[in-house]
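**Student:** Have a peek at protein18.txt (compact mmCIF, C-alpha atoms).
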# COMPACT_ATOMS: atom_id res chain seq x y z
CA GLY A 178 87.13 -36.19 -5.10
CA ASN A 179 84.89 -37.47 -2.29
CA PRO A 180 87.33 -37.88 0.63
CA PHE A 181 84.95 -40.13 2.57
CA ARG A 182 84.38 -42.89 0.00
CA ASN A 183 87.56 -44.93 0.71
CA THR A 184 90.11 -45.48 3.47
CA GLY A 185 93.13 -46.91 1.62
CA PRO A 186 95.38 -46.59 -1.41
CA PRO A 187 95.41 -45.43 -4.11
CA HIS A 188 93.05 -42.70 -2.88
CA LEU A 189 95.09 -41.79 0.19
CA PHE A 190 98.11 -41.18 -2.07
CA THR A 191 96.30 -38.41 -3.90
CA TRP A 192 93.77 -36.81 -1.55
CA SER A 193 96.44 -34.85 0.32
CA ALA A 194 96.87 -32.71 -2.79
CA THR A 195 93.44 -31.25 -2.00
CA TYR A 196 92.58 -32.14 1.58
CA ASP A 197 94.02 -32.15 5.07
CA GLY A 198 93.19 -34.23 8.11
CA LEU A 199 93.27 -32.92 11.66
CA THR A 200 96.42 -34.92 12.42
CA ARG A 201 98.98 -36.70 10.28
CA PHE A 202 101.51 -39.53 10.56
CA ASP A 203 105.10 -38.83 9.58
CA GLN A 204 107.26 -41.35 7.69
CA ASN A 205 108.26 -43.04 10.96
CA GLY A 206 104.69 -43.55 12.15
CA TYR A 207 104.67 -40.73 14.71
CA LEU A 208 101.55 -38.60 15.03
CA LYS A 209 101.92 -34.91 14.17
CA PRO A 210 99.65 -31.87 14.56
CA TRP A 211 98.12 -30.85 11.23
CA LEU A 212 94.87 -28.86 11.03
CA ALA A 213 94.55 -29.51 14.75
CA ILE A 214 97.59 -28.16 16.61
CA SER A 215 96.74 -29.70 20.01
CA TRP A 216 94.23 -32.03 21.67
CA GLU A 217 93.26 -32.85 25.22
CA ARG A 218 91.12 -35.59 26.72
CA LYS A 219 88.87 -33.92 29.32
CA ASP A 220 87.27 -37.14 30.55
CA ASN A 221 86.63 -40.68 29.26
CA LEU A 222 84.20 -39.46 26.60
CA THR A 223 85.24 -35.85 25.90
CA TRP A 224 88.05 -34.42 23.77
CA VAL A 225 88.85 -30.76 23.07
CA LEU A 226 90.86 -29.86 19.95
CA LYS A 227 92.57 -26.55 19.17
CA LEU A 228 92.73 -25.74 15.44
CA ARG A 229 95.31 -24.02 13.28
CA LYS A 230 94.57 -20.32 12.65
CA LYS A 231 94.40 -18.45 9.33
CA VAL A 232 93.92 -21.56 7.21
CA LYS A 233 91.90 -21.11 4.01
CA PHE A 234 89.98 -23.39 1.70
CA SER A 235 90.81 -23.12 -2.00
CA ASN A 236 87.70 -20.95 -2.56
CA GLY A 237 89.07 -18.38 -0.08
CA LYS A 238 86.75 -19.27 2.82
CA LEU A 239 88.33 -19.62 6.26
CA PHE A 240 88.77 -23.00 7.89
CA ASN A 241 87.39 -23.00 11.42
CA ALA A 242 85.67 -25.11 14.06
CA GLU A 243 82.42 -25.12 12.10
CA SER A 244 84.24 -26.82 9.21
CA VAL A 245 85.19 -29.70 11.48
CA VAL A 246 81.71 -29.90 13.05
CA THR A 247 80.06 -29.98 9.60
CA THR A 248 82.41 -32.77 8.51
CA LEU A 249 81.71 -34.88 11.62
CA ASN A 250 77.97 -34.19 11.52
CA PHE A 251 77.82 -35.56 7.98
CA LEU A 252 79.86 -38.66 8.82
CA THR A 253 77.62 -39.47 11.79
CA SER A 254 74.39 -38.90 9.84
CA ASP A 255 72.24 -41.38 7.92
CA LYS A 256 73.33 -39.66 4.68
CA ALA A 257 76.82 -41.17 5.07
CA TYR A 258 75.62 -44.79 4.96
CA LYS A 259 77.74 -45.62 1.88
CA GLU A 260 80.89 -43.78 2.95
CA ALA A 261 83.73 -46.02 4.15
CA VAL A 262 85.19 -43.29 6.37
CA ALA A 263 81.89 -43.01 8.27
CA LYS A 264 82.43 -46.53 9.59
CA GLU A 265 85.78 -45.42 11.05
CA PHE A 266 84.03 -42.71 13.09
CA GLU A 267 80.95 -44.61 14.25
CA PHE A 268 82.12 -43.99 17.84
CA ILE A 269 81.44 -40.22 17.58
CA LYS A 270 78.34 -39.14 19.50
CA SER A 271 78.49 -35.40 18.79
CA ALA A 272 80.75 -32.50 17.86
CA HIS A 273 80.39 -28.84 18.90
CA SER A 274 82.33 -25.64 18.29
CA LEU A 275 83.35 -23.85 21.51
CA ASP A 276 84.78 -20.92 19.53
CA ASP A 277 86.27 -20.37 16.06
CA ILE A 278 89.33 -22.53 16.72
CA THR A 279 88.08 -24.96 19.39
CA VAL A 280 86.07 -28.15 18.87
CA LYS A 281 84.60 -30.44 21.51
CA ILE A 282 84.07 -34.06 20.52
CA ILE A 283 81.98 -36.44 22.62
CA THR A 284 82.32 -40.17 21.97
CA LYS A 285 79.91 -43.03 22.68
CA ARG A 286 82.60 -44.98 24.54
CA PRO A 287 86.16 -44.30 25.65
CA ILE A 288 88.46 -43.85 22.61
CA PRO A 289 91.93 -43.25 24.06
CA LEU A 290 93.53 -43.31 20.59
CA LEU A 291 91.14 -40.77 19.01
CA PRO A 292 93.94 -38.48 17.68
CA ARG A 293 95.33 -41.44 15.68
CA SER A 294 92.01 -41.68 13.81
CA LEU A 295 92.00 -38.05 12.77
CA PRO A 296 94.34 -38.23 9.71
CA LEU A 297 91.33 -39.86 7.98
CA LEU A 298 89.08 -36.90 8.79
CA HIS A 299 89.56 -34.85 5.62
CA VAL A 300 87.79 -31.57 6.28
CA ILE A 301 85.38 -30.18 3.68
CA GLU A 302 84.25 -26.58 3.08
CA PRO A 303 80.84 -26.35 4.82
CA GLU A 304 78.98 -23.94 2.54
CA GLU A 305 79.87 -25.65 -0.73
CA TRP A 306 79.28 -29.10 0.76
CA LYS A 307 75.78 -28.11 1.88
CA LYS A 308 75.06 -26.46 -1.47
CA LEU A 309 76.41 -29.22 -3.75
CA GLY A 310 76.03 -32.45 -1.78
CA PRO A 311 78.58 -35.30 -1.82
CA ASP A 312 78.34 -36.32 -5.50
CA LYS A 313 78.69 -32.83 -7.00
CA TYR A 314 81.30 -31.83 -4.42
CA ALA A 315 83.36 -34.86 -5.48
CA LYS A 316 83.68 -33.30 -8.97
CA GLN A 317 84.47 -29.83 -7.59
CA PRO A 318 86.47 -30.65 -4.44
CA LEU A 319 87.52 -27.85 -2.11
CA GLY A 320 90.06 -28.38 0.64
CA THR A 321 92.83 -26.68 2.55
CA GLY A 322 95.60 -28.55 0.70
CA PRO A 323 98.17 -27.07 -1.70
CA TYR A 324 96.28 -27.76 -4.94
CA LYS A 325 92.91 -27.00 -6.48
CA LEU A 326 91.34 -29.31 -9.06
CA VAL A 327 90.77 -27.45 -12.34
CA ASN A 328 89.90 -30.30 -14.71
CA TYR A 329 88.66 -33.85 -14.34
CA SER A 330 88.23 -36.59 -16.89
CA PRO A 331 88.02 -40.34 -16.15
CA GLY A 332 91.38 -41.38 -14.72
CA VAL A 333 93.02 -37.94 -15.10
CA PHE A 334 93.01 -35.11 -12.55
CA LYS A 335 94.60 -31.75 -13.34
CA TYR A 336 95.46 -29.34 -10.52
CA GLU A 337 96.82 -25.82 -10.16
CA SER A 338 98.62 -24.55 -7.08
CA PHE A 339 96.60 -22.90 -4.31
CA LYS A 340 99.10 -20.28 -3.24
CA ASP A 341 97.10 -19.19 -0.20
CA SER A 342 97.23 -22.69 1.27
CA TRP A 343 98.85 -22.91 4.70
CA ARG A 344 101.27 -25.37 3.05
CA PRO A 345 101.72 -23.82 -0.44
CA PRO A 346 103.31 -26.04 -3.10
CA ILE A 347 106.66 -25.59 -4.80
CA ILE A 348 105.43 -27.13 -8.07
CA PRO A 349 102.82 -24.90 -9.80
CA LYS A 350 100.85 -27.64 -11.57
CA LEU A 351 100.07 -31.27 -10.84
CA GLU A 352 98.50 -33.99 -12.96
CA ILE A 353 97.47 -37.32 -11.44
CA ILE A 354 96.86 -40.17 -13.88
CA ALA A 355 95.38 -43.53 -12.89
CA VAL A 356 97.56 -46.31 -14.35
CA PRO A 357 96.40 -49.60 -12.77
CA ASP A 358 99.43 -51.72 -13.74
CA SER A 359 102.80 -51.22 -11.97
CA PHE A 360 104.82 -52.18 -15.08
CA MET A 361 102.94 -49.60 -17.18
CA ARG A 362 103.64 -46.98 -14.49
CA ALA A 363 107.35 -47.74 -14.77
CA GLN A 364 107.18 -47.52 -18.57
CA GLY A 365 105.43 -44.16 -18.21
CA VAL A 366 108.40 -42.84 -16.22
CA ILE A 367 110.93 -44.20 -18.73
CA SER A 368 109.08 -42.65 -21.66
CA GLY A 369 108.79 -39.28 -19.94
CA GLN A 370 105.00 -39.35 -19.75
CA LEU A 371 105.15 -39.60 -15.95
CA ASP A 372 107.53 -37.95 -13.48
CA ILE A 373 106.60 -40.06 -10.45
CA ALA A 374 105.25 -43.60 -10.19
CA MET A 375 103.62 -44.81 -6.98
CA SER A 376 103.35 -48.39 -5.70
CA ILE A 377 106.06 -50.03 -7.74
CA GLY A 378 108.26 -52.97 -6.83
CA PRO A 379 111.94 -53.85 -7.21
CA GLU A 380 111.62 -55.01 -10.82
CA GLU A 381 110.10 -51.70 -11.88
CA VAL A 382 112.62 -49.75 -9.79
CA ASN A 383 115.51 -51.51 -11.52
CA ILE A 384 113.98 -50.90 -14.97
CA ILE A 385 113.71 -47.19 -14.19
CA LYS A 386 117.24 -47.03 -12.72
CA ASN A 387 118.66 -48.74 -15.79
CA ASN A 388 117.07 -46.04 -17.92
CA GLY A 389 118.52 -43.15 -15.93
CA GLY A 390 115.87 -42.66 -13.25
CA LYS A 391 117.00 -41.07 -9.97
CA GLY A 392 115.79 -40.71 -6.40
CA LEU A 393 114.22 -44.14 -6.42
CA ASP A 394 113.15 -46.20 -3.47
CA TRP A 395 110.24 -48.41 -2.54
CA LEU A 396 109.12 -48.41 1.05
CA SER A 397 105.69 -48.64 2.66
CA ALA A 398 104.21 -49.46 6.03
CA SER A 399 101.91 -52.15 4.74
CA LEU A 400 101.27 -55.87 5.00
CA TRP A 401 100.60 -58.39 2.22
CA ALA A 402 98.28 -61.27 3.06
CA ILE A 403 95.86 -63.74 1.53
CA ASN A 404 92.59 -63.79 3.46
CA PHE A 405 90.40 -66.90 3.84
CA HIS A 406 86.61 -67.06 3.92
CA HIS A 407 85.38 -69.38 6.65
CA GLY A 408 82.03 -71.06 7.18
CA ARG A 409 81.24 -71.86 3.56
CA GLY A 410 81.45 -75.64 3.70
CA THR A 411 84.95 -75.74 2.16
CA PRO A 412 88.25 -77.25 3.40
CA LEU A 413 89.21 -73.75 4.58
CA ASP A 414 86.71 -74.11 7.44
CA ASN A 415 89.15 -76.53 9.06
CA VAL A 416 91.79 -74.86 11.25
CA LEU A 417 94.28 -77.66 10.48
CA VAL A 418 93.97 -76.87 6.78
CA ARG A 419 94.60 -73.17 7.38
CA GLU A 420 97.62 -73.99 9.52
CA ALA A 421 98.92 -76.29 6.77
CA LEU A 422 98.61 -73.50 4.19
CA ASN A 423 100.59 -71.17 6.45
CA LEU A 424 103.36 -73.69 7.01
CA ALA A 425 103.61 -74.47 3.29
CA VAL A 426 104.58 -70.94 2.20
CA ASP A 427 108.31 -70.22 2.07
CA ARG A 428 108.13 -66.56 3.04
CA LYS A 429 111.88 -66.15 3.36
CA SER A 430 112.60 -67.14 -0.25
CA LEU A 431 109.65 -65.04 -1.44
CA ILE A 432 111.07 -61.96 0.29
CA THR A 433 114.61 -62.67 -0.91
CA GLY A 434 113.72 -63.55 -4.48
CA LEU A 435 110.90 -61.11 -5.23
CA LEU A 436 111.34 -58.22 -2.80
CA GLU A 437 115.15 -57.97 -2.65
CA GLY A 438 115.06 -58.84 1.05
CA ARG A 439 113.59 -55.43 1.78
CA THR A 440 110.83 -56.53 4.14
CA LEU A 441 110.18 -58.94 7.00
CA ILE A 442 108.09 -62.07 7.56
CA ALA A 443 104.74 -61.00 8.98
CA THR A 444 103.75 -62.38 12.36
CA GLN A 445 100.41 -60.55 12.69
CA PRO A 446 98.00 -58.40 10.64
CA SER A 447 99.97 -55.22 11.28
CA PRO A 448 103.33 -53.73 10.26
CA LYS A 449 105.89 -52.88 12.95
CA ILE A 450 105.21 -49.18 12.52
CA ALA A 451 101.66 -49.58 13.86
CA TYR A 452 100.70 -48.78 17.43
CA GLY A 453 100.17 -51.96 19.46
CA TYR A 454 102.49 -54.19 17.41
CA ASN A 455 103.29 -57.35 19.40
CA TYR A 456 107.04 -58.02 19.23
CA SER A 457 106.76 -61.31 21.13
CA LEU A 458 105.06 -63.19 18.26
CA LYS A 459 107.41 -65.48 16.34
CA ASP A 460 107.75 -66.03 12.58
CA ILE A 461 105.64 -68.78 11.02
CA LYS A 462 108.17 -71.46 10.09
CA TYR A 463 108.35 -73.00 6.62
CA ASP A 464 107.59 -76.71 7.14
CA PRO A 465 106.03 -78.46 4.10
CA GLU A 466 106.32 -81.92 5.71
CA LYS A 467 104.31 -80.85 8.75
CA ALA A 468 101.85 -79.15 6.37
CA LYS A 469 101.31 -82.49 4.56
CA SER A 470 100.79 -84.23 7.89
CA LEU A 471 98.17 -81.69 8.95
CA LEU A 472 96.33 -82.07 5.64
CA HIS A 473 96.27 -85.84 6.12
CA LYS A 474 94.92 -85.41 9.66
CA ALA A 475 92.27 -82.98 8.38
CA GLY A 476 91.06 -85.54 5.83
CA TYR A 477 92.68 -84.08 2.70
CA PRO A 478 95.67 -86.36 1.99
CA ASP A 479 95.36 -85.68 -1.76
CA GLY A 480 94.96 -81.96 -1.31
CA PHE A 481 92.23 -79.82 -2.89
CA LYS A 482 91.75 -76.77 -5.11
CA PHE A 483 90.75 -73.27 -4.14
CA VAL A 484 90.54 -69.86 -5.83
CA VAL A 485 92.16 -66.61 -4.75
CA GLU A 486 90.93 -63.28 -6.10
CA GLY A 487 94.04 -61.11 -6.22
CA VAL A 488 94.67 -57.48 -7.07
CA LEU A 489 97.52 -57.68 -9.60
CA GLY A 490 99.75 -54.77 -10.55
CA ALA A 491 98.71 -52.52 -7.67
CA GLY A 492 101.92 -52.91 -5.70
CA ALA A 493 105.35 -54.48 -5.47
CA ASN A 494 105.52 -57.66 -7.58
CA HIS A 495 102.01 -58.76 -6.60
CA ALA A 496 101.50 -61.07 -9.58
CA ALA A 497 104.82 -62.87 -9.01
CA MET A 498 104.10 -63.16 -5.28
CA TYR A 499 100.80 -64.93 -5.94
CA GLN A 500 102.57 -67.28 -8.35
CA LYS A 501 105.25 -68.07 -5.75
CA VAL A 502 102.60 -68.90 -3.11
CA ALA A 503 100.79 -71.12 -5.63
CA GLN A 504 104.07 -72.96 -6.38
CA ASP A 505 104.70 -73.55 -2.65
CA LEU A 506 101.19 -74.89 -2.10
CA ALA A 507 101.51 -77.20 -5.11
CA ILE A 508 104.35 -78.98 -3.28
CA ILE A 509 101.87 -80.18 -0.63
CA GLY A 510 99.26 -81.12 -3.23
CA ILE A 511 97.08 -77.99 -3.11
CA THR A 512 96.12 -76.11 -6.27
CA MET A 513 95.64 -72.37 -5.84
CA GLU A 514 94.07 -70.65 -8.83
CA VAL A 515 94.62 -66.88 -8.98
CA ARG A 516 91.94 -64.73 -10.60
CA PRO A 517 92.73 -61.06 -11.28
CA PHE A 518 90.56 -58.68 -9.30
CA PRO A 519 90.34 -54.92 -9.99
CA ILE A 520 91.36 -52.77 -7.03
CA THR A 521 88.27 -50.59 -7.49
CA GLN A 522 86.04 -53.63 -7.07
CA LEU A 523 88.01 -54.74 -3.99
CA ILE A 524 87.51 -51.37 -2.36
As structure tokens, please, write out the structure in this file.
**Tutor:**
Amino acid sequence: GNPFRNTGPPHLFTWSATYDGLTRFDQNGYLKPWLAISWERKDNLTWVLKLRKKVKFSNGKLFNAESVVTTLNFLTSDKAYKEAVAKEFEFIKSAHSLDDITVKIITKRPIPLLPRSLPLLHVIEPEEWKKLGPDKYAKQPLGTGPYKLVNYSPGVFKYESFKDSWRPPIIPKLEIIAVPDSFMRAQGVISGQLDIAMSIGPEEVNIIKNNGGKGLDWLSASLWAINFHHGRGTPLDNVLVREALNLAVDRKSLITGLLEGRTLIATQPSPKIAYGYNYSLKDIKYDPEKAKSLLHKAGYPDGFKFVVEGVLGAGANHAAMYQKVAQDLAIIGITMEVRPFPITQLI
């Protein structure tokens, strides 16, 4: 329930039941007004935001400029040292309310894309936050979203509708259950224990479809990559080795065989939907012979072994994708061992 502890899934899938940011991205990646209805850059370091009127928190208190100022003051304070979201707003120098619906934000340096950071700014109710503190507030979260948490047990969150929300829900009750494995999520849908499963891949989609499931799709603006640690006295310190690993992976067959051809070969650490995507970068070509040549030049003609810690079951066919990469690397003499890694530990 602490909206500042993490910046990625699965938390971002569920926080919008309770919380709202100041802005929001739609399904096509375009920025939309949300709790803030407009914003203006006054100079290189100053922004003024106009807020939505007549918005309430789930305890009945009104959302206003002070709510935003309290949220930003916490994130820029020493008390937020362990909050991941605080790192995303380290550029904030100060925040002030000009009136009930107007906030002035001053930054330490020019931040021309400030509004695109604001979906992460989940606004908390000032009085309860000050009274409870982050840890207790996390168990009794209050936001401006369509649901209010009524019961929490490890891995299970039960919500009731907050009818006075500015975006009231159609469904009166909501239960969110943490199921770490994608196959088990699909089985939960088939058995009727779950109505919706998030972060599933084509195999799970087909299983659900074959058992009568409807309205199914799997799309996300995300990128799958294996990241290397450099500077540890291993073969991965050598740029020729890293280039060889890249050339050895047959991305096209991975996408065709495991993801039903539903995505593209990545050329950079960003999906196309992201602002600043560079369309001029070309695909990395599959060339195992050149990869072997580079390994020989780097001093590893017989290959080597390395370990990847991978989050399995969190998304589309992750386990099979790791196995496919390991098979491709084995062709050039490299052994990649995959060790399961819990997503909570990764975050």
**Student:** Using only C-alpha atoms, find the one residue out of A:Ile278, A:Val225, A:Ile214, A:Ala194 that sits nearest to A:Leu351.
**Tutor:**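 Checking each candidate against A:Leu351, we get A:Ala194 as the closest.
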**Student:** Between A:Arg293, A:Lys469, A:Lys238, A:Lys316, which has the minimum distance to A:Trp211 (counting all atoms listed in the file)?
**Tutor:**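 Of the candidates, the smallest distance to A:Trp211 is held by A:Arg293.
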**Student:** What lies within 6 Å of A:Gly320 using only C-alpha atoms, ignoring chain neighbours under 6 positions off, as a count of residues only?
**Tutor:** 5
**Student:** Dump as a PyMOL selection string all residues having an atom at most 12 Å from (73.8, -37.7, -4.0), computed in the file's coordinates with only C-alpha atoms.
**Tutor:** chain A and resi 179+256-260+306-316
**Student:** Can you write out the residues you just picked, keeping C-alpha atoms, as a compact mmCIF listing (two decimals), in the frame of the given file?
**Tutor:**
# COMPACT_ATOMS: atom_id res chain seq x y z
CA ASN A 179 84.89 -37.47 -2.29
CA LYS A 256 73.33 -39.66 4.68
CA ALA A 257 76.82 -41.17 5.07
CA TYR A 258 75.62 -44.79 4.96
CA LYS A 259 77.74 -45.62 1.88
CA GLU A 260 80.89 -43.78 2.95
CA TRP A 306 79.28 -29.10 0.76
CA LYS A 307 75.78 -28.11 1.88
CA LYS A 308 75.06 -26.46 -1.47
CA LEU A 309 76.41 -29.22 -3.75
CA GLY A 310 76.03 -32.45 -1.78
CA PRO A 311 78.58 -35.30 -1.82
CA ASP A 312 78.34 -36.32 -5.50
CA LYS A 313 78.69 -32.83 -7.00
CA TYR A 314 81.30 -31.83 -4.42
CA ALA A 315 83.36 -34.86 -5.48
CA LYS A 316 83.68 -33.30 -8.97
**Student:** Mind checking which residues fall within 12 Å of A:Thr248, counting all atoms listed in the file, ignoring those fewer than 6 positions away in the same chain, and posting them as a PyMOL selection string?
**Tutor:** chain A and resi 180-181+198-199+240-242+254+257+262-263+266+269+271-273+280+295+297-307+311+320
**Student:** If I put a ball of radius 7 Å at (100.6, -84.8, -0.7) in the file's coordinates, which residues poke into it when counting only C-alpha atoms, written as a PDB file with C-alpha atoms, in the frame of the given file?
**Tutor:**
ATOM      1  CA  LYS A 469     101.310 -82.490   4.560  1.00  0.00           C
ATOM      2  CA  PRO A 478      95.670 -86.360   1.990  1.00  0.00           C
ATOM      3  CA  ASP A 479      95.360 -85.680  -1.760  1.00  0.00           C
ATOM      4  CA  GLY A 480      94.960 -81.960  -1.310  1.00  0.00           C
ATOM      5  CA  ILE A 509     101.870 -80.180  -0.630  1.00  0.00           C
ATOM      6  CA  GLY A 510      99.260 -81.120  -3.230  1.00  0.00           C
TER       7      GLY A 510
END
**Student:** As an exercise, work out the distance from atom CA of A:Ile282 to atom CA of A:Thr223 in Å and give it to one decimal place.
**Tutor:** 5.8 Å
**Student:** Using all atoms listed in the file, which residue out of A:Val232, A:Ser342, A:His495, A:Gly178 lies closest to A:Asn328?
**Tutor:**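 Residue with the minimum atom-to-atom distance to A:Asn328: A:Gly178.
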**Student:** Using only C-alpha atoms, which of the listed residues (A:Tyr477, A:Tyr463, A:Tyr456, A:Phe339) sits closest to A:Leu424?
**Tutor:**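 Smallest separation from A:Leu424 among the options: A:Tyr463.
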**Student:** Can you work out which one of A:Tyr207, A:Tyr454, A:Tyr324, A:Phe360 has the shortest atom-to-atom distance to A:Tyr336, counting all atoms listed in the file?
**Tutor:** A:Tyr324
**Student:** Quick one: of A:Val502, A:Ala421, A:Ala497, A:Ile461, who's nearest to A:His473, counting all atoms listed in the file?
**Tutor:** A:Ala421
**Student:** Could you add whatever atoms are missing so that stretch 424-432 of chain A carries all heavy atoms, then write the result as a tab-separated table (two decimals), in the frame of the given file?
**Tutor:**
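Output (out.tsv):
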chain	number	residue	atom	x	y	z
A	424	LEU	N	102.06	-73.03	6.90
A	424	LEU	CA	103.36	-73.69	7.01
A	424	LEU	C	103.98	-74.00	5.65
A	424	LEU	O	105.19	-74.17	5.53
A	424	LEU	CB	103.22	-75.00	7.81
A	424	LEU	CG	102.83	-74.84	9.29
A	424	LEU	CD1	102.52	-76.20	9.90
A	424	LEU	CD2	103.96	-74.16	10.07
A	425	ALA	N	103.13	-74.08	4.62
A	425	ALA	CA	103.61	-74.47	3.29
A	425	ALA	C	104.23	-73.33	2.50
A	425	ALA	O	104.86	-73.56	1.46
A	425	ALA	CB	102.45	-75.08	2.49
A	426	VAL	N	104.07	-72.09	2.95
A	426	VAL	CA	104.58	-70.94	2.20
A	426	VAL	C	105.98	-70.57	2.68
A	426	VAL	O	106.19	-70.28	3.86
A	426	VAL	CB	103.63	-69.73	2.34
A	426	VAL	CG1	104.21	-68.51	1.60
A	426	VAL	CG2	102.25	-70.07	1.78
A	427	ASP	N	106.92	-70.57	1.76
A	427	ASP	CA	108.31	-70.22	2.07
A	427	ASP	C	108.46	-68.70	1.97
A	427	ASP	O	108.89	-68.16	0.95
A	427	ASP	CB	109.25	-70.94	1.10
A	427	ASP	CG	110.72	-70.74	1.46
A	427	ASP	OD1	111.00	-69.97	2.40
A	427	ASP	OD2	111.57	-71.34	0.79
A	428	ARG	N	108.12	-68.03	3.05
A	428	ARG	CA	108.13	-66.56	3.04
A	428	ARG	C	109.54	-65.99	2.85
A	428	ARG	O	109.72	-64.97	2.21
A	428	ARG	CB	107.53	-66.04	4.35
A	428	ARG	CG	106.05	-66.33	4.52
A	428	ARG	CD	105.65	-66.17	5.98
A	428	ARG	NE	104.22	-66.29	6.16
A	428	ARG	CZ	103.56	-67.44	6.16
A	428	ARG	NH1	104.21	-68.58	5.97
A	428	ARG	NH2	102.26	-67.47	6.34
A	429	LYS	N	110.52	-66.66	3.44
A	429	LYS	CA	111.88	-66.15	3.36
A	429	LYS	C	112.37	-66.08	1.92
A	429	LYS	O	112.93	-65.06	1.48
A	429	LYS	CB	112.82	-67.02	4.20
A	429	LYS	CG	114.22	-66.44	4.35
A	429	LYS	CD	115.05	-67.26	5.34
A	429	LYS	CE	116.44	-66.65	5.51
A	429	LYS	NZ	117.27	-67.41	6.45
A	430	SER	N	112.14	-67.15	1.15
A	430	SER	CA	112.60	-67.14	-0.25
A	430	SER	C	111.76	-66.19	-1.09
A	430	SER	O	112.25	-65.59	-2.04
A	430	SER	CB	112.56	-68.55	-0.84
A	430	SER	OG	111.23	-69.03	-0.95
A	431	LEU	N	110.49	-66.01	-0.72
A	431	LEU	CA	109.65	-65.04	-1.44
A	431	LEU	C	110.20	-63.63	-1.25
A	431	LEU	O	110.35	-62.87	-2.22
A	431	LEU	CB	108.21	-65.13	-0.90
A	431	LEU	CG	107.12	-64.34	-1.62
A	431	LEU	CD1	105.76	-65.00	-1.42
A	431	LEU	CD2	107.04	-62.91	-1.14
A	432	ILE	N	110.55	-63.30	-0.01
A	432	ILE	CA	111.07	-61.96	0.29
A	432	ILE	C	112.43	-61.75	-0.38
A	432	ILE	O	112.71	-60.69	-0.95
A	432	ILE	CB	111.16	-61.76	1.82
A	432	ILE	CG1	109.75	-61.63	2.40
A	432	ILE	CG2	111.98	-60.53	2.17
A	432	ILE	CD1	109.70	-61.71	3.92
